[in-house]
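Raw final_8.txt, compact mmCIF, C-alpha atoms and all ligand atoms:
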# COMPACT_ATOMS: atom_id res chain seq x y z
CA MET A 251 -24.78 124.11 109.25
CA SER A 252 -22.25 122.16 107.30
CA ILE A 253 -21.88 119.23 104.97
CA SER A 254 -21.02 116.16 107.01
CA ALA A 255 -17.95 114.34 105.73
CA ALA A 256 -19.36 110.87 106.36
CA SER A 257 -22.99 110.50 105.34
CA PRO A 258 -25.07 108.08 107.42
CA TYR A 259 -26.79 107.12 104.16
CA ALA A 260 -25.28 104.60 101.75
CA SER A 261 -26.69 106.38 98.70
CA PHE A 262 -28.93 109.22 97.60
CA ALA A 263 -31.70 106.67 97.03
CA ASP A 264 -31.27 105.44 100.63
CA LEU A 265 -31.51 108.99 101.90
CA GLU A 266 -34.69 109.60 99.91
CA ARG A 267 -36.22 106.32 101.11
CA GLU A 268 -35.59 107.25 104.73
CA ALA A 269 -36.88 110.82 104.30
CA LEU A 270 -40.08 109.60 102.62
CA ALA A 271 -40.89 107.51 105.72
CA CYS A 272 -39.84 110.18 108.22
CA VAL A 273 -41.73 110.59 111.51
CA ARG A 274 -39.15 112.78 113.28
CA CYS A 275 -41.46 115.73 113.89
CA PRO A 276 -45.19 116.46 114.22
CA LEU A 277 -45.48 117.50 110.55
CA ALA A 278 -45.48 113.75 109.80
CA THR A 279 -49.00 113.56 111.22
CA THR A 280 -50.46 116.35 109.06
CA ARG A 281 -48.66 115.97 105.73
CA THR A 282 -50.15 114.21 102.73
CA GLN A 283 -46.69 113.25 101.53
CA VAL A 284 -43.05 114.11 102.02
CA VAL A 285 -41.67 116.50 99.40
CA PHE A 286 -38.09 115.29 99.29
CA GLY A 287 -36.74 117.29 96.33
CA ALA A 288 -36.66 117.21 92.55
CA GLY A 289 -34.29 117.60 89.66
CA ASN A 290 -30.81 116.46 88.80
CA PRO A 291 -28.95 114.87 91.75
CA ASP A 292 -25.68 115.72 89.93
CA ALA A 293 -26.65 119.36 89.50
CA ASP A 294 -24.10 122.17 89.70
CA LEU A 295 -26.85 124.52 90.85
CA MET A 296 -29.19 123.78 93.75
CA PHE A 297 -32.08 125.82 95.14
CA VAL A 298 -33.26 125.61 98.73
CA GLY A 299 -36.72 126.91 99.57
CA GLU A 300 -38.67 127.01 102.81
CA GLY A 301 -41.20 124.20 102.83
CA PRO A 302 -43.95 122.65 100.75
CA GLY A 303 -47.24 124.43 100.26
CA GLU A 304 -50.64 122.93 99.55
CA GLN A 305 -49.94 121.94 95.94
CA GLU A 306 -46.51 120.52 96.76
CA ASP A 307 -48.01 118.48 99.62
CA ARG A 308 -50.56 117.08 97.16
CA THR A 309 -48.14 116.33 94.31
CA GLY A 310 -44.94 115.50 96.21
CA VAL A 311 -42.98 117.89 93.98
CA PRO A 312 -41.37 121.12 95.27
CA PHE A 313 -42.29 124.50 93.83
CA VAL A 314 -45.23 123.57 91.59
CA GLY A 315 -47.61 126.35 92.68
CA ARG A 316 -47.50 130.04 91.72
CA ALA A 317 -44.17 130.57 93.46
CA GLY A 318 -42.89 127.53 91.60
CA GLN A 319 -43.97 128.95 88.26
CA LEU A 320 -42.00 132.11 89.03
CA LEU A 321 -38.99 130.05 90.11
CA THR A 322 -39.19 128.09 86.84
CA THR A 323 -39.30 131.35 84.85
CA LEU A 324 -36.26 132.69 86.70
CA ILE A 325 -34.33 129.44 86.11
CA GLU A 326 -35.21 129.55 82.41
CA GLY A 327 -34.16 133.21 82.36
CA ILE A 328 -30.55 132.15 82.92
CA GLY A 329 -30.70 129.52 80.20
CA LEU A 330 -31.37 126.46 82.36
CA THR A 331 -34.35 124.19 82.96
CA ARG A 332 -35.66 122.59 86.14
CA ALA A 333 -34.17 119.31 84.92
CA ASP A 334 -30.69 120.88 85.03
CA VAL A 335 -30.90 121.95 88.68
CA TYR A 336 -31.91 120.39 91.98
CA ILE A 337 -34.68 121.92 94.10
CA ALA A 338 -35.19 121.13 97.79
CA ASN A 339 -36.62 122.75 100.89
CA VAL A 340 -35.58 123.38 104.49
CA VAL A 341 -38.52 121.28 105.70
CA LYS A 342 -39.80 118.39 103.59
CA CYS A 343 -43.36 118.34 104.97
CA ARG A 344 -46.01 121.04 104.70
CA PRO A 345 -46.53 123.14 107.79
CA PRO A 346 -50.35 123.17 108.15
CA GLY A 347 -52.00 126.35 106.90
CA ASN A 348 -48.70 127.44 105.32
CA CYS A 349 -47.35 128.56 108.70
CA ASP A 350 -43.65 129.29 109.09
CA PRO A 351 -41.71 126.12 109.94
CA LEU A 352 -40.98 125.86 113.67
CA PRO A 353 -37.45 125.50 115.08
CA LEU A 354 -38.11 121.86 116.06
CA GLU A 355 -39.32 121.06 112.53
CA ILE A 356 -36.30 122.76 110.94
CA GLU A 357 -33.90 121.00 113.28
CA SER A 358 -35.53 117.59 112.68
CA CYS A 359 -35.27 118.03 108.92
CA ARG A 360 -31.79 119.58 108.86
CA PRO A 361 -29.91 116.24 108.49
CA TYR A 362 -31.83 115.49 105.27
CA LEU A 363 -30.86 118.81 103.70
CA GLU A 364 -27.27 118.41 104.87
CA ALA A 365 -27.15 114.95 103.34
CA GLN A 366 -28.71 116.20 100.09
CA LEU A 367 -26.03 118.87 99.85
CA GLY A 368 -23.38 116.25 100.66
CA PHE A 369 -24.48 113.88 97.88
CA ILE A 370 -25.24 116.51 95.24
CA ARG A 371 -22.21 118.69 96.01
CA PRO A 372 -23.46 121.57 93.86
CA ARG A 373 -21.01 124.32 92.95
CA VAL A 374 -23.61 126.99 93.61
CA VAL A 375 -26.52 127.06 96.07
CA VAL A 376 -29.23 129.70 95.83
CA THR A 377 -31.21 130.08 99.05
CA LEU A 378 -34.77 131.27 98.51
CA GLY A 379 -35.84 133.56 101.33
CA ASN A 380 -35.09 133.92 105.00
CA PHE A 381 -35.47 130.37 106.29
CA ALA A 382 -33.00 128.72 103.93
CA THR A 383 -30.58 131.63 104.12
CA LYS A 384 -30.55 131.83 107.90
CA LEU A 385 -30.18 128.07 108.25
CA LEU A 386 -27.33 127.58 105.78
CA LEU A 387 -25.45 130.77 106.65
CA GLU A 388 -26.15 130.45 110.39
CA THR A 389 -27.08 134.11 110.50
CA LYS A 390 -29.86 136.24 111.90
CA VAL A 391 -29.40 138.89 109.20
CA GLY A 392 -32.44 139.23 106.97
CA ILE A 393 -32.69 138.38 103.29
CA THR A 394 -33.07 141.97 102.06
CA LYS A 395 -29.59 142.76 103.40
CA LEU A 396 -27.96 139.56 102.11
CA ARG A 397 -29.57 138.99 98.72
CA GLY A 398 -27.42 139.02 95.61
CA GLN A 399 -24.15 138.63 97.51
CA GLU A 400 -21.84 135.64 97.35
CA PHE A 401 -21.01 133.67 100.49
CA THR A 402 -19.13 130.41 100.98
CA TYR A 403 -20.93 127.35 102.29
CA GLY A 404 -18.83 124.44 103.47
CA ASP A 405 -15.38 124.38 101.88
CA ASP A 406 -16.06 125.74 98.46
CA ILE A 407 -19.74 126.03 97.58
CA VAL A 408 -20.83 129.51 96.47
CA LEU A 409 -24.04 130.42 98.30
CA ILE A 410 -26.20 133.24 96.96
CA PRO A 411 -29.28 134.30 98.91
CA THR A 412 -32.23 135.67 96.97
CA LEU A 413 -35.81 136.67 97.71
CA HIS A 414 -38.33 133.87 98.07
CA PRO A 415 -40.53 133.81 94.93
CA SER A 416 -43.62 134.00 97.18
CA ALA A 417 -42.30 137.26 98.62
CA VAL A 418 -41.84 138.61 95.10
CA LEU A 419 -45.41 137.61 94.23
CA ARG A 420 -46.70 139.31 97.40
CA THR A 421 -45.25 142.64 96.21
CA GLY A 422 -47.02 142.21 92.87
CA GLY A 423 -43.64 141.62 91.25
CA THR A 424 -42.26 145.09 91.96
CA ASN A 425 -38.96 143.55 93.09
CA ILE A 426 -38.65 140.98 90.28
CA ALA A 427 -35.62 142.89 88.91
CA ASP A 428 -33.78 142.05 92.16
CA SER A 429 -34.53 138.34 91.67
CA ARG A 430 -33.39 138.44 88.06
CA ALA A 431 -30.17 140.20 89.08
CA ASP A 432 -29.49 137.56 91.76
CA PHE A 433 -30.00 134.75 89.24
CA VAL A 434 -27.44 136.43 86.97
CA VAL A 435 -25.02 136.44 89.93
CA ALA A 436 -25.64 132.69 90.25
CA LYS A 437 -25.09 132.14 86.52
CA ARG A 438 -21.77 134.01 86.67
CA ALA A 439 -20.70 132.01 89.72
CA LEU A 440 -21.48 128.80 87.81
CA ALA A 441 -19.41 129.92 84.84
CA ARG A 442 -16.51 131.00 87.05
CA THR A 443 -16.43 127.75 88.99
CA ALA A 444 -16.85 125.47 85.96
CA ALA A 445 -14.48 122.51 86.02
CA ALA A 446 -11.40 122.88 83.84
CA PRO A 447 -11.46 120.58 80.79
CA ALA A 448 -9.72 117.26 81.47
CA ASP A 449 -7.35 117.83 78.50
CA GLY A 450 -6.05 121.03 80.12
CA SER A 451 -7.23 123.17 77.19
CA GLY A 452 -8.81 125.84 79.38
CA ALA A 453 -8.18 129.58 79.46
CA GLY A 454 -4.50 130.44 79.43
CA GLY A 455 -3.59 126.87 78.34
N1 LIG B 501 -42.44 127.42 98.75
C1 LIG B 501 -41.34 126.77 99.16
O1 LIG B 501 -40.53 127.31 99.90
N2 LIG B 501 -41.16 125.54 98.75
C2 LIG B 501 -42.00 124.93 97.93
O2 LIG B 501 -41.72 123.79 97.58
C3 LIG B 501 -43.13 125.63 97.49
C4 LIG B 501 -43.34 126.88 97.91

Mind converting the file's structure to structure tokens?
Ligand code: URA
Amino acid sequence: MSISAASPYASFADLEREALACVRCPLATTRTQVVFGAGNPDADLMFVGEGPGEQEDRTGVPFVGRAGQLLTTLIEGIGLTRADVYIANVVKCRPPGNCDPLPLEIESCRPYLEAQLGFIRPRVVVTLGNFATKLLLETKVGITKLRGQEFTYGDDIVLIPTLHPSAVLRTGGTNIADSRADFVVAKRALARTAAAPADGSGAGG
């Protein structure tokens, strides 16, 4: 999966408008609303989860349930807020009964995520769990092997896979230290890739 050079959408608002009216897959018939994404569309750091759950389907906002609370805590743990970052999902509509998203659903929704990445152009993407990681890295390797490592997405985006917060909650939080460590990797990648000051007064200058 890659960022398309020419977006079929005139603007981010256009993209959102189209996604909110989407009927490309059967999830359109069971959703309450499309959960497009939330946060800062100019963010340097973007998170990609799996798909909306019951509370997200009801509110239209990603990661507002228990997993969302944990995600918020982890974001705040590296000195940021949800308003600083952008949060999206692989699929924008809730799979009924919180099932795994199906290949057809992922494929139908893929252009929206690609376009989000293309408009936002974050410096760092953190993929939350297997679905986002496998889609963006085009790999079959599981999250436990990949988490905490840096990969390149597109030309120059640093991609860091981490455990899905729901998976951390399922273990009773026994692997929360892994999540925290991965967020520190993301924070360091952000610092390293920070734009040089326009006046050229950066390190070594
Ligand atoms: N899990 C996800 O992957 N995304 C959400 O928005 C909520 C829970």

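With a cut-off of 7 Å and using all atoms listed in the file, the polymer residues contacting ligand LIG 501 (chain B) are Gly299, Glu300, Gly301, Pro302, Gly303, Glu306, Pro312, Phe313, Val314, Gly315, Ala317, Gly318, Asn339 and Ser416 of chain A.
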
Quick one: residues within 10 Å of Leu419 in chain A, all atoms listed in the file, excluding same-chain residues fewer than 6 positions away - as a list in words? Arg316, Ala317, Leu320, Asn425 and Ile426 of chain A

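Using all atoms listed in the file, the shortest contact distance between Leu277 in chain A and any of A:Arg373, A:Leu396, A:Ile356, A:Arg332 is found at A:Ile356.
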
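The coordinates place CA of Leu363 in chain A at 6.6 Å from CA of Val340 in chain A.
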
If we draw a sphere of 12 Å around (-22.4, 116.0, 99.8), which residues have at least one atom in it when counting all atoms listed in the file? Please report them as a PyMOL selection string. chain A and resi 252-262+265+291-294+296+361-373+403-407

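Between CA of Gly379 in chain A and CA of Pro411 in chain A the interatomic distance comes to 7.0 Å.
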
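The space separating CA of Ala436 in chain A from CA of Val376 in chain A comes to 7.3 Å.
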
Extract, using all atoms listed in the file, all DNA, RNA and protein residues at most 9 Å from Ala288 in chain A, discarding same-chain residues fewer than 2 positions from it, and format them as a PyMOL selection string. chain A and resi 285-286+290-291+311-312+332-333+335-338

Could those residues be written to a file, using C-alpha atoms, as a JSON list (two decimals), in the frame of the given file?
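The new file part.json reads:
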[["chain", "number", "residue", "atom", "x", "y", "z"],
["A", 285, "VAL", "CA", -41.67, 116.50, 99.40],
["A", 286, "PHE", "CA", -38.09, 115.29, 99.29],
["A", 290, "ASN", "CA", -30.81, 116.46, 88.80],
["A", 291, "PRO", "CA", -28.95, 114.87, 91.75],
["A", 311, "VAL", "CA", -42.98, 117.89, 93.98],
["A", 312, "PRO", "CA", -41.37, 121.12, 95.27],
["A", 332, "ARG", "CA", -35.66, 122.59, 86.14],
["A", 333, "ALA", "CA", -34.17, 119.31, 84.92],
["A", 335, "VAL", "CA", -30.90, 121.95, 88.68],
["A", 336, "TYR", "CA", -31.91, 120.39, 91.98],
["A", 337, "ILE", "CA", -34.68, 121.92, 94.10],
["A", 338, "ALA", "CA", -35.19, 121.13, 97.79]]

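The residue that comes closest to Gln283 in chain A, out of A:Ile328, A:Ala263, A:Leu295, A:Cys343 and on the basis of only C-alpha atoms, is A:Cys343.
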
Complete the atom set of range 331-362 of chain A to N, CA and C atoms and return it as an mmCIF file, in the coordinates of the input.
data_model
loop_
_atom_site.group_PDB
_atom_site.id
_atom_site.type_symbol
_atom_site.label_atom_id
_atom_site.label_comp_id
_atom_site.auth_asym_id
_atom_site.auth_seq_id
_atom_site.Cartn_x
_atom_site.Cartn_y
_atom_site.Cartn_z
ATOM 1 N N THR A 331 -33.000 124.706 82.724
ATOM 2 C CA THR A 331 -34.350 124.190 82.960
ATOM 3 C C THR A 331 -34.370 123.566 84.357
ATOM 4 N N ARG A 332 -35.557 123.241 84.816
ATOM 5 C CA ARG A 332 -35.660 122.590 86.140
ATOM 6 C C ARG A 332 -34.953 121.250 86.150
ATOM 7 N N ALA A 333 -34.849 120.617 84.975
ATOM 8 C CA ALA A 333 -34.170 119.310 84.920
ATOM 9 C C ALA A 333 -32.654 119.455 85.086
ATOM 10 N N ASP A 334 -32.141 120.658 84.880
ATOM 11 C CA ASP A 334 -30.690 120.880 85.030
ATOM 12 C C ASP A 334 -30.286 121.083 86.482
ATOM 13 N N VAL A 335 -31.226 121.529 87.312
ATOM 14 C CA VAL A 335 -30.900 121.950 88.680
ATOM 15 C C VAL A 335 -31.531 120.984 89.677
ATOM 16 N N TYR A 336 -31.222 121.168 90.955
ATOM 17 C CA TYR A 336 -31.910 120.390 91.980
ATOM 18 C C TYR A 336 -32.638 121.382 92.896
ATOM 19 N N ILE A 337 -33.860 121.039 93.270
ATOM 20 C CA ILE A 337 -34.680 121.920 94.100
ATOM 21 C C ILE A 337 -35.101 121.169 95.358
ATOM 22 N N ALA A 338 -34.803 121.755 96.518
ATOM 23 C CA ALA A 338 -35.190 121.130 97.790
ATOM 24 C C ALA A 338 -35.700 122.230 98.731
ATOM 25 N N ASN A 339 -36.109 121.818 99.893
ATOM 26 C CA ASN A 339 -36.620 122.750 100.890
ATOM 27 C C ASN A 339 -35.972 122.516 102.243
ATOM 28 N N VAL A 340 -36.066 123.518 103.116
ATOM 29 C CA VAL A 340 -35.580 123.380 104.490
ATOM 30 C C VAL A 340 -36.379 122.299 105.211
ATOM 31 N N VAL A 341 -37.702 122.364 105.137
ATOM 32 C CA VAL A 341 -38.520 121.280 105.700
ATOM 33 C C VAL A 341 -39.222 120.547 104.554
ATOM 34 N N LYS A 342 -39.289 119.241 104.691
ATOM 35 C CA LYS A 342 -39.800 118.390 103.590
ATOM 36 C C LYS A 342 -41.297 118.127 103.706
ATOM 37 N N CYS A 343 -41.913 118.559 104.803
ATOM 38 C CA CYS A 343 -43.360 118.340 104.970
ATOM 39 C C CYS A 343 -44.044 119.689 105.153
ATOM 40 N N ARG A 344 -45.276 119.773 104.674
ATOM 41 C CA ARG A 344 -46.010 121.040 104.700
ATOM 42 C C ARG A 344 -46.392 121.439 106.118
ATOM 43 N N PRO A 345 -45.981 122.625 106.543
ATOM 44 C CA PRO A 345 -46.530 123.140 107.790
ATOM 45 C C PRO A 345 -48.014 123.470 107.562
ATOM 46 N N PRO A 346 -48.920 122.970 108.407
ATOM 47 C CA PRO A 346 -50.350 123.170 108.150
ATOM 48 C C PRO A 346 -50.683 124.655 108.021
ATOM 49 N N GLY A 347 -51.563 124.968 107.078
ATOM 50 C CA GLY A 347 -52.000 126.350 106.900
ATOM 51 C C GLY A 347 -50.888 127.263 106.401
ATOM 52 N N ASN A 348 -49.849 126.665 105.833
ATOM 53 C CA ASN A 348 -48.700 127.440 105.320
ATOM 54 C C ASN A 348 -48.044 128.311 106.384
ATOM 55 N N CYS A 349 -48.055 127.835 107.630
ATOM 56 C CA CYS A 349 -47.350 128.560 108.700
ATOM 57 C C CYS A 349 -45.850 128.509 108.441
ATOM 58 N N ASP A 350 -45.113 129.385 109.121
ATOM 59 C CA ASP A 350 -43.650 129.290 109.090
ATOM 60 C C ASP A 350 -43.239 127.981 109.753
ATOM 61 N N PRO A 351 -42.189 127.330 109.238
ATOM 62 C CA PRO A 351 -41.710 126.120 109.940
ATOM 63 C C PRO A 351 -41.169 126.484 111.317
ATOM 64 N N LEU A 352 -41.427 125.615 112.295
ATOM 65 C CA LEU A 352 -40.980 125.860 113.670
ATOM 66 C C LEU A 352 -39.549 125.364 113.851
ATOM 67 N N PRO A 353 -38.841 125.922 114.853
ATOM 68 C CA PRO A 353 -37.450 125.500 115.080
ATOM 69 C C PRO A 353 -37.298 123.986 115.205
ATOM 70 N N LEU A 354 -38.212 123.319 115.901
ATOM 71 C CA LEU A 354 -38.110 121.860 116.060
ATOM 72 C C LEU A 354 -38.228 121.155 114.702
ATOM 73 N N GLU A 355 -39.114 121.666 113.849
ATOM 74 C CA GLU A 355 -39.320 121.060 112.530
ATOM 75 C C GLU A 355 -38.066 121.266 111.657
ATOM 76 N N ILE A 356 -37.506 122.463 111.735
ATOM 77 C CA ILE A 356 -36.300 122.760 110.940
ATOM 78 C C ILE A 356 -35.144 121.882 111.402
ATOM 79 N N GLU A 357 -35.010 121.777 112.710
ATOM 80 C CA GLU A 357 -33.900 121.000 113.280
ATOM 81 C C GLU A 357 -34.059 119.506 112.950
ATOM 82 N N SER A 358 -35.295 119.016 112.997
ATOM 83 C CA SER A 358 -35.530 117.590 112.680
ATOM 84 C C SER A 358 -35.201 117.287 111.235
ATOM 85 N N CYS A 359 -35.447 118.248 110.359
ATOM 86 C CA CYS A 359 -35.270 118.030 108.920
ATOM 87 C C CYS A 359 -33.859 118.360 108.440
ATOM 88 N N ARG A 360 -33.121 119.086 109.244
ATOM 89 C CA ARG A 360 -31.790 119.580 108.860
ATOM 90 C C ARG A 360 -30.863 118.466 108.340
ATOM 91 N N PRO A 361 -30.823 117.284 108.991
ATOM 92 C CA PRO A 361 -29.910 116.240 108.490
ATOM 93 C C PRO A 361 -30.221 115.807 107.048
ATOM 94 N N TYR A 362 -31.493 115.874 106.648
ATOM 95 C CA TYR A 362 -31.830 115.490 105.270
ATOM 96 C C TYR A 362 -31.252 116.501 104.282
#
